[in-house]
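Participant: First the structure, which I've put down as C-alpha cells, then a few questions once you've had a look.
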Amino acid sequence: MNSASGPHALATAHDTLGCQSAQLSDSLEFAGSGIRFYRKRSDDARLGHVATPASERGFLVGVSQSAGHRRRILHGRRAEACGFGQNAVYVRNFGDDYRADMQSPFDFLLLEMSHAALAQASGRSRIDGLTATAGADDGVLAHLVGALTPVLTRPAEVSPLFVDQLCLAIGIHLNDRYGGATPAAERPAQALAPMHEARAKEMLRSHLDGRIAIADVADACQLSRSHFTRAFRLATGHTPHDWLQAQRLARARELLRASDLPLAEVATACGFADQSHFTRVFSRAEGAPPGQWRRALQT
C-alpha cells in the first residue's frame with residue numbers, strides 16, 4: 001500500500017516494513033553492518049493491510065513476543081491464515097512481494113539481513129532464497145534473535161563483536177534450516193594456526209571494549225568470518241566474544257587486587273560501557289559485585 005499525500009499523509013505514513021507508523025505503540029531500530037534489528041509493537045486491533053514491494057533488501061526474520069497474533073498472508077488470489085504463539089517465527093524473502101491483512105495486535109522482534117550478510121555467514125558468494133515460513137516453531141532461531149534485544153535496550157553496552165557473532169550464528173542457522181540449496185561439502189574444521197591465533201588474540205586484546213568487527217580479525221587471518229569463528233573456537237574453546245569477555249574480567253580482577261582505582265575507572269580500563277555494566281558482568285561471573293569482591297581480599 002502506498003503512503004498517502006496531502007493533509008492525511010502523516011496519519012497514513014508507513015515504515016520500511018509496511019506498518020502504519022501511527023498505529024505502532026513501539027518502534028525501535030538498530031542498524032549494523034548488513035543488518036537491521038527492529039522491535040515493532042501495536043496494541044491497535046484495527047491494523048488493516050501491510051505491504052512491501054519486491055526488492056533486493058535481503059531477508060526478514062520475525063519472532064513473536066506474545067501469543068495470539070493473527071494475519072492473512074495474500075499470495076495472488078489465495079490467502080493463508082497464520083497464527084502466532086509466543087516465540088513463533090516467520091522467515092521471508094524481500095525479493096517477493098508481501099501483502100498481509102493484520103487481524104490482531106502484535107509484538108515482534110525482527111531482523112533484516114542483507115544478501116551479503118547471510119552469504120558471509122554461510123561461506124558462499126550469495127544466498128538467493130530461503131524457504132518462507134510463518135508461525136513456525138523454531139526455538140533456536142527465537143533464542144538467537146532474542147539475544148540481540150540488548151542492542152535496542154542498552155546499546156552502549158553492546159559491542160560490534162557481540163552483534164557480529166550473533167548474526168553469524170543466525171545466518172548459519174537460517175542457511176541450514178531454510179536454505180534452498182544443499183550445502184557444499186566442506187573440509188573438516190581445523191583450529192587456527194598458532195600464528196593466526198596469536199594475531200587474533202593480539203587484535204582482540206587491543207580492543208577490550210569489543211569495538212572491532214569479526215570480519216577485520218578474520219581478514220587478518222585470511223579466513224571467512226564463519227571459518228574464523230569455528231577455527232578460533234577449536235583453538236581456544238571459546239567464541240571470540242566469550243574469550244574477550246574473559247580477558248576483560250581477568251584484567252578487572254588484576255586491577256582490583258593491585259590498585260586502588262575507583263570502580264568507574266576499572267570499568268573504563270577493562271572496556272566496559274560504564275560502572276553499572278561492569279558490576280552486572282562481574283557479579284554474574286564472580287557471584288559478588290566488584291566492590292564487595294575487593295573488600296573480601298583485604299580481610
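Letters for chains follow the order of the C-alpha cells (A, B, ...), residue numbers begin at 1 for each chain, and ligand numbers begin at 1 in the order shown.
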Output as CSV one row per residue of range 231-289 of chain A within 10 Å of range 195-199 of chain A: the closest atom pair and its distance in Å to one decimal place, counting only C-alpha atoms, sorted by chain and residue number ascending.

Facilitator:
residue,atom,partner,partner_atom,distance
A:Ala231,CA,A:Glu197,CA,9.0
A:Phe232,CA,A:Glu197,CA,7.0
A:Ala235,CA,A:Glu197,CA,7.4
A:Thr236,CA,A:Glu197,CA,8.6

Participant: Can those selected residues be exported to a file as a CSV table (one decimal), in the first residue's frame so that it contains all heavy atoms?

Facilitator:
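Below is the file that was written, selection-v5.csv:
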chain,number,residue,atom,x,y,z
A,231,ALA,N,37.3,-21.9,13.7
A,231,ALA,CA,38.7,-22.2,14.0
A,231,ALA,C,39.1,-21.6,15.3
A,231,ALA,O,39.9,-22.2,16.0
A,231,ALA,CB,39.5,-21.7,12.8
A,232,PHE,N,38.7,-20.4,15.6
A,232,PHE,CA,39.0,-19.8,16.9
A,232,PHE,C,38.5,-20.6,18.1
A,232,PHE,O,39.2,-20.8,19.1
A,232,PHE,CB,38.5,-18.3,16.9
A,232,PHE,CG,39.0,-17.6,18.1
A,232,PHE,CD1,40.1,-16.8,18.1
A,232,PHE,CD2,38.3,-17.6,19.3
A,232,PHE,CE1,40.6,-16.0,19.2
A,232,PHE,CE2,38.7,-16.9,20.4
A,232,PHE,CZ,39.8,-16.1,20.3
A,235,ALA,N,40.5,-23.6,18.6
A,235,ALA,CA,41.8,-23.4,19.2
A,235,ALA,C,41.8,-23.0,20.6
A,235,ALA,O,42.7,-23.3,21.4
A,235,ALA,CB,42.5,-22.2,18.3
A,236,THR,N,40.7,-22.2,21.0
A,236,THR,CA,40.7,-21.7,22.4
A,236,THR,C,39.6,-22.2,23.3
A,236,THR,O,39.6,-22.1,24.5
A,236,THR,CB,40.4,-20.1,22.3
A,236,THR,OG1,39.1,-19.9,21.8
A,236,THR,CG2,41.4,-19.5,21.4

Participant: Show me, as a list of chain:residue names, the residues that have an atom within 7 Å of range 239-246 of chain A when counting only C-alpha atoms, minus same-chain residues fewer than 6 positions from it.

Facilitator: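 Residues near the query, excluding close chain neighbours: A:Leu161, A:Phe162, A:Leu204, A:Leu208, A:Thr229, A:Phe232, A:Arg233.
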
Participant: Write out the residues from the selection above, keeping all heavy atoms, as a PDB file, in the first residue's frame.

Facilitator:
ATOM      1  N   LEU A 161      31.431  -6.751  18.136  1.00  0.00           N
ATOM      2  CA  LEU A 161      31.872  -8.148  18.120  1.00  0.00           C
ATOM      3  C   LEU A 161      30.739  -9.080  18.535  1.00  0.00           C
ATOM      4  O   LEU A 161      30.509 -10.123  17.919  1.00  0.00           O
ATOM      5  CB  LEU A 161      33.069  -8.312  19.064  1.00  0.00           C
ATOM      6  CG  LEU A 161      33.800  -9.655  19.024  1.00  0.00           C
ATOM      7  CD1 LEU A 161      34.454  -9.862  17.676  1.00  0.00           C
ATOM      8  CD2 LEU A 161      34.835  -9.709  20.139  1.00  0.00           C
ATOM      9  N   PHE A 162      29.989  -8.689  19.577  1.00  0.00           N
ATOM     10  CA  PHE A 162      28.855  -9.480  20.050  1.00  0.00           C
ATOM     11  C   PHE A 162      27.772  -9.563  18.977  1.00  0.00           C
ATOM     12  O   PHE A 162      27.236 -10.640  18.693  1.00  0.00           O
ATOM     13  CB  PHE A 162      28.309  -8.845  21.329  1.00  0.00           C
ATOM     14  CG  PHE A 162      27.051  -9.474  21.853  1.00  0.00           C
ATOM     15  CD1 PHE A 162      27.079 -10.681  22.512  1.00  0.00           C
ATOM     16  CD2 PHE A 162      25.818  -8.839  21.688  1.00  0.00           C
ATOM     17  CE1 PHE A 162      25.903 -11.264  23.011  1.00  0.00           C
ATOM     18  CE2 PHE A 162      24.651  -9.400  22.177  1.00  0.00           C
ATOM     19  CZ  PHE A 162      24.698 -10.619  22.839  1.00  0.00           C
ATOM     20  N   LEU A 204      42.196  -8.701  19.405  1.00  0.00           N
ATOM     21  CA  LEU A 204      41.082  -8.638  20.339  1.00  0.00           C
ATOM     22  C   LEU A 204      41.488  -7.936  21.633  1.00  0.00           C
ATOM     23  O   LEU A 204      40.745  -7.106  22.157  1.00  0.00           O
ATOM     24  CB  LEU A 204      40.572 -10.048  20.637  1.00  0.00           C
ATOM     25  CG  LEU A 204      39.862 -10.767  19.474  1.00  0.00           C
ATOM     26  CD1 LEU A 204      39.628 -12.231  19.812  1.00  0.00           C
ATOM     27  CD2 LEU A 204      38.549 -10.081  19.138  1.00  0.00           C
ATOM     28  N   LEU A 208      39.594  -4.067  23.999  1.00  0.00           N
ATOM     29  CA  LEU A 208      38.880  -4.677  25.125  1.00  0.00           C
ATOM     30  C   LEU A 208      37.410  -4.275  25.158  1.00  0.00           C
ATOM     31  O   LEU A 208      36.579  -4.986  25.715  1.00  0.00           O
ATOM     32  CB  LEU A 208      39.539  -4.287  26.451  1.00  0.00           C
ATOM     33  CG  LEU A 208      40.719  -5.140  26.936  1.00  0.00           C
ATOM     34  CD1 LEU A 208      41.197  -4.648  28.288  1.00  0.00           C
ATOM     35  CD2 LEU A 208      40.365  -6.617  27.006  1.00  0.00           C
ATOM     36  N   THR A 229      35.518 -18.028  12.996  1.00  0.00           N
ATOM     37  CA  THR A 229      34.848 -18.240  14.280  1.00  0.00           C
ATOM     38  C   THR A 229      34.952 -19.694  14.713  1.00  0.00           C
ATOM     39  O   THR A 229      35.225 -20.000  15.888  1.00  0.00           O
ATOM     40  CB  THR A 229      33.382 -17.809  14.203  1.00  0.00           C
ATOM     41  OG1 THR A 229      33.324 -16.419  13.829  1.00  0.00           O
ATOM     42  CG2 THR A 229      32.678 -17.984  15.532  1.00  0.00           C
ATOM     43  N   PHE A 232      38.663 -20.403  15.618  1.00  0.00           N
ATOM     44  CA  PHE A 232      39.039 -19.772  16.880  1.00  0.00           C
ATOM     45  C   PHE A 232      38.486 -20.588  18.051  1.00  0.00           C
ATOM     46  O   PHE A 232      39.183 -20.806  19.053  1.00  0.00           O
ATOM     47  CB  PHE A 232      38.501 -18.343  16.928  1.00  0.00           C
ATOM     48  CG  PHE A 232      38.963 -17.559  18.128  1.00  0.00           C
ATOM     49  CD1 PHE A 232      40.108 -16.776  18.051  1.00  0.00           C
ATOM     50  CD2 PHE A 232      38.258 -17.599  19.327  1.00  0.00           C
ATOM     51  CE1 PHE A 232      40.556 -16.043  19.156  1.00  0.00           C
ATOM     52  CE2 PHE A 232      38.686 -16.870  20.433  1.00  0.00           C
ATOM     53  CZ  PHE A 232      39.843 -16.099  20.348  1.00  0.00           C
ATOM     54  N   ARG A 233      37.255 -21.056  17.916  1.00  0.00           N
ATOM     55  CA  ARG A 233      36.655 -21.839  18.997  1.00  0.00           C
ATOM     56  C   ARG A 233      37.389 -23.164  19.188  1.00  0.00           C
ATOM     57  O   ARG A 233      37.588 -23.626  20.323  1.00  0.00           O
ATOM     58  CB  ARG A 233      35.179 -22.078  18.717  1.00  0.00           C
ATOM     59  CG  ARG A 233      34.448 -22.739  19.867  1.00  0.00           C
ATOM     60  CD  ARG A 233      32.953 -22.604  19.725  1.00  0.00           C
ATOM     61  NE  ARG A 233      32.271 -22.948  20.963  1.00  0.00           N
ATOM     62  CZ  ARG A 233      31.024 -22.626  21.242  1.00  0.00           C
ATOM     63  NH1 ARG A 233      30.315 -21.919  20.370  1.00  0.00           N
ATOM     64  NH2 ARG A 233      30.470 -22.987  22.372  1.00  0.00           N
TER      65      ARG A 233
END

Participant: To test your reading of the structure, identify every residue in range 65-130 of chain A that backbone DSSP assigns to strand (DSSP E), and report it as a PDB file with C-alpha atoms, in the first residue's frame.

Facilitator:
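Writing done, so here's selection13.pdb:
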ATOM      1  CA  HIS A  69      -1.360 -12.542  16.764  1.00  0.00           C
ATOM      2  CA  ARG A  70      -3.221 -13.467  13.573  1.00  0.00           C
ATOM      3  CA  ARG A  71      -2.751 -12.373   9.977  1.00  0.00           C
ATOM      4  CA  ARG A  72      -3.859 -13.368   6.475  1.00  0.00           C
ATOM      5  CA  ILE A  73      -0.928 -13.520   4.063  1.00  0.00           C
ATOM      6  CA  LEU A  74      -2.035 -12.936   0.472  1.00  0.00           C
ATOM      7  CA  HIS A  75      -0.496 -14.967  -2.356  1.00  0.00           C
ATOM      8  CA  ARG A  78      -5.034 -17.138  -2.404  1.00  0.00           C
ATOM      9  CA  ALA A  79      -4.929 -16.211   1.294  1.00  0.00           C
ATOM     10  CA  GLU A  80      -3.084 -18.108   4.019  1.00  0.00           C
ATOM     11  CA  ALA A  81      -4.333 -17.704   7.596  1.00  0.00           C
ATOM     12  CA  CYS A  82      -1.463 -17.669  10.106  1.00  0.00           C
ATOM     13  CA  GLY A  83      -1.490 -17.630  13.886  1.00  0.00           C
ATOM     14  CA  PHE A  84       1.498 -16.910  16.118  1.00  0.00           C
ATOM     15  CA  VAL A  89       8.838 -17.243  13.930  1.00  0.00           C
ATOM     16  CA  TYR A  90       8.483 -16.246  10.346  1.00  0.00           C
ATOM     17  CA  VAL A  91      11.061 -16.044   7.573  1.00  0.00           C
ATOM     18  CA  ARG A  92      10.527 -14.257   4.276  1.00  0.00           C
ATOM     19  CA  ASN A  93      12.446 -13.014   1.281  1.00  0.00           C
ATOM     20  CA  TYR A  98       4.479  -9.232   0.529  1.00  0.00           C
ATOM     21  CA  ARG A  99       0.858  -8.424   1.381  1.00  0.00           C
ATOM     22  CA  ALA A 100      -0.958  -9.285   4.575  1.00  0.00           C
ATOM     23  CA  ASP A 101      -4.103  -8.330   6.459  1.00  0.00           C
ATOM     24  CA  MET A 102      -3.208  -7.865  10.120  1.00  0.00           C
ATOM     25  CA  PHE A 106       1.305  -7.804  17.654  1.00  0.00           C
ATOM     26  CA  ASP A 107       4.733  -7.522  19.253  1.00  0.00           C
ATOM     27  CA  PHE A 108       7.668  -8.694  17.131  1.00  0.00           C
ATOM     28  CA  LEU A 109      11.448  -8.672  17.174  1.00  0.00           C
ATOM     29  CA  LEU A 110      12.595  -8.510  13.545  1.00  0.00           C
ATOM     30  CA  LEU A 111      15.988  -8.988  11.948  1.00  0.00           C
ATOM     31  CA  GLU A 112      16.639  -7.837   8.395  1.00  0.00           C
ATOM     32  CA  MET A 113      19.745  -9.396   6.823  1.00  0.00           C
TER      33      MET A 113
END

Participant: DSSP says helix (DSSP H, G or I) for which residues of range 79-207 of chain A? Put them as number ranges by chain?

Facilitator: A: 115-122, 139-146, 150-153, 155-157, 160-178, 194-205

Participant: Next, the residues of the selection above should be written as a compact mmCIF listing (two decimals), in the first residue's frame with C-alpha atoms.

Facilitator:
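Once written, part-v2.txt looks like this:
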# COMPACT_ATOMS: atom_id res chain seq x y z
CA HIS A 115 22.19 -10.93 0.87
CA ALA A 116 25.84 -10.22 1.66
CA ALA A 117 25.44 -10.71 5.44
CA LEU A 118 23.68 -14.05 5.00
CA ALA A 119 26.17 -15.20 2.36
CA GLN A 120 29.12 -14.35 4.62
CA ALA A 121 27.64 -16.47 7.39
CA SER A 122 27.29 -19.45 5.07
CA GLY A 139 13.27 -22.38 19.37
CA VAL A 140 16.86 -21.97 18.20
CA LEU A 141 16.05 -19.04 15.93
CA ALA A 142 13.79 -17.43 18.54
CA HIS A 143 16.55 -17.66 21.16
CA LEU A 144 19.25 -16.27 18.85
CA VAL A 145 17.16 -13.30 17.70
CA GLY A 146 16.01 -12.63 21.26
CA PRO A 150 20.19 -5.51 24.33
CA VAL A 151 21.16 -3.62 21.16
CA LEU A 152 17.74 -1.92 21.42
CA THR A 153 17.56 -1.56 25.21
CA PRO A 155 23.11 -0.16 23.01
CA ALA A 156 26.08 1.41 24.83
CA GLU A 157 26.85 -1.94 26.47
CA PRO A 160 30.02 -4.89 17.44
CA LEU A 161 31.87 -8.15 18.12
CA PHE A 162 28.85 -9.48 20.05
CA VAL A 163 26.42 -8.41 17.31
CA ASP A 164 28.65 -9.92 14.61
CA GLN A 165 28.80 -13.26 16.40
CA LEU A 166 25.06 -13.48 16.94
CA CYS A 167 24.28 -12.51 13.35
CA LEU A 168 26.80 -15.08 12.16
CA ALA A 169 25.08 -17.79 14.21
CA ILE A 170 21.65 -16.65 12.96
CA GLY A 171 22.86 -16.71 9.36
CA ILE A 172 24.29 -20.21 9.70
CA HIS A 173 21.04 -21.46 11.23
CA LEU A 174 18.91 -19.80 8.54
CA ASN A 175 21.01 -21.34 5.80
CA ASP A 176 20.99 -24.80 7.42
CA ARG A 177 17.24 -24.89 8.14
CA TYR A 178 15.67 -22.69 5.45
CA PRO A 194 49.42 -20.74 16.03
CA MET A 195 50.49 -17.63 14.12
CA HIS A 196 46.88 -16.69 13.32
CA GLU A 197 45.71 -17.50 16.85
CA ALA A 198 48.34 -15.15 18.27
CA ARG A 199 47.40 -12.42 15.77
CA ALA A 200 43.67 -12.77 16.54
CA LYS A 201 44.26 -12.59 20.30
CA GLU A 202 46.50 -9.55 19.88
CA MET A 203 43.82 -7.74 17.87
CA LEU A 204 41.08 -8.64 20.34
CA ARG A 205 43.14 -7.60 23.39

Participant: Using Å and a single decimal, report how far CA of Gln103 in chain A sits from CA of Leu24 in chain A.

Facilitator: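 Rounded to one decimal, the two atoms are 14.3 Å apart.
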
Participant: Enter the distance from CA of Gly85 in chain A to CA of Gly62 in chain A, in Å, rounded to one decimal.

Facilitator: 12.2 Å

Participant: Please list as a count of residues only every residue within 7 Å of Asp97 in chain A, counting only C-alpha atoms and excluding residues in the same chain fewer than 3 positions away.

Facilitator: 3

Participant: Could you name the residues that touch range 261-277 of chain A at 8 Å or less, counting only C-alpha atoms, but leaving out those on the same chain fewer than 4 positions away, as JSON, numbers by chain?

Facilitator: {"A": [156, 157, 207, 208, 209, 210, 248, 249, 251, 252, 255, 256, 281, 290, 291]}

Participant: Just give me the gap between CA of Gly95 in chain A and CA of Gly58 in chain A in Å, one decimal is fine.

Facilitator: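 CA of Gly58 in chain A lies 6.9 Å from CA of Gly95 in chain A.
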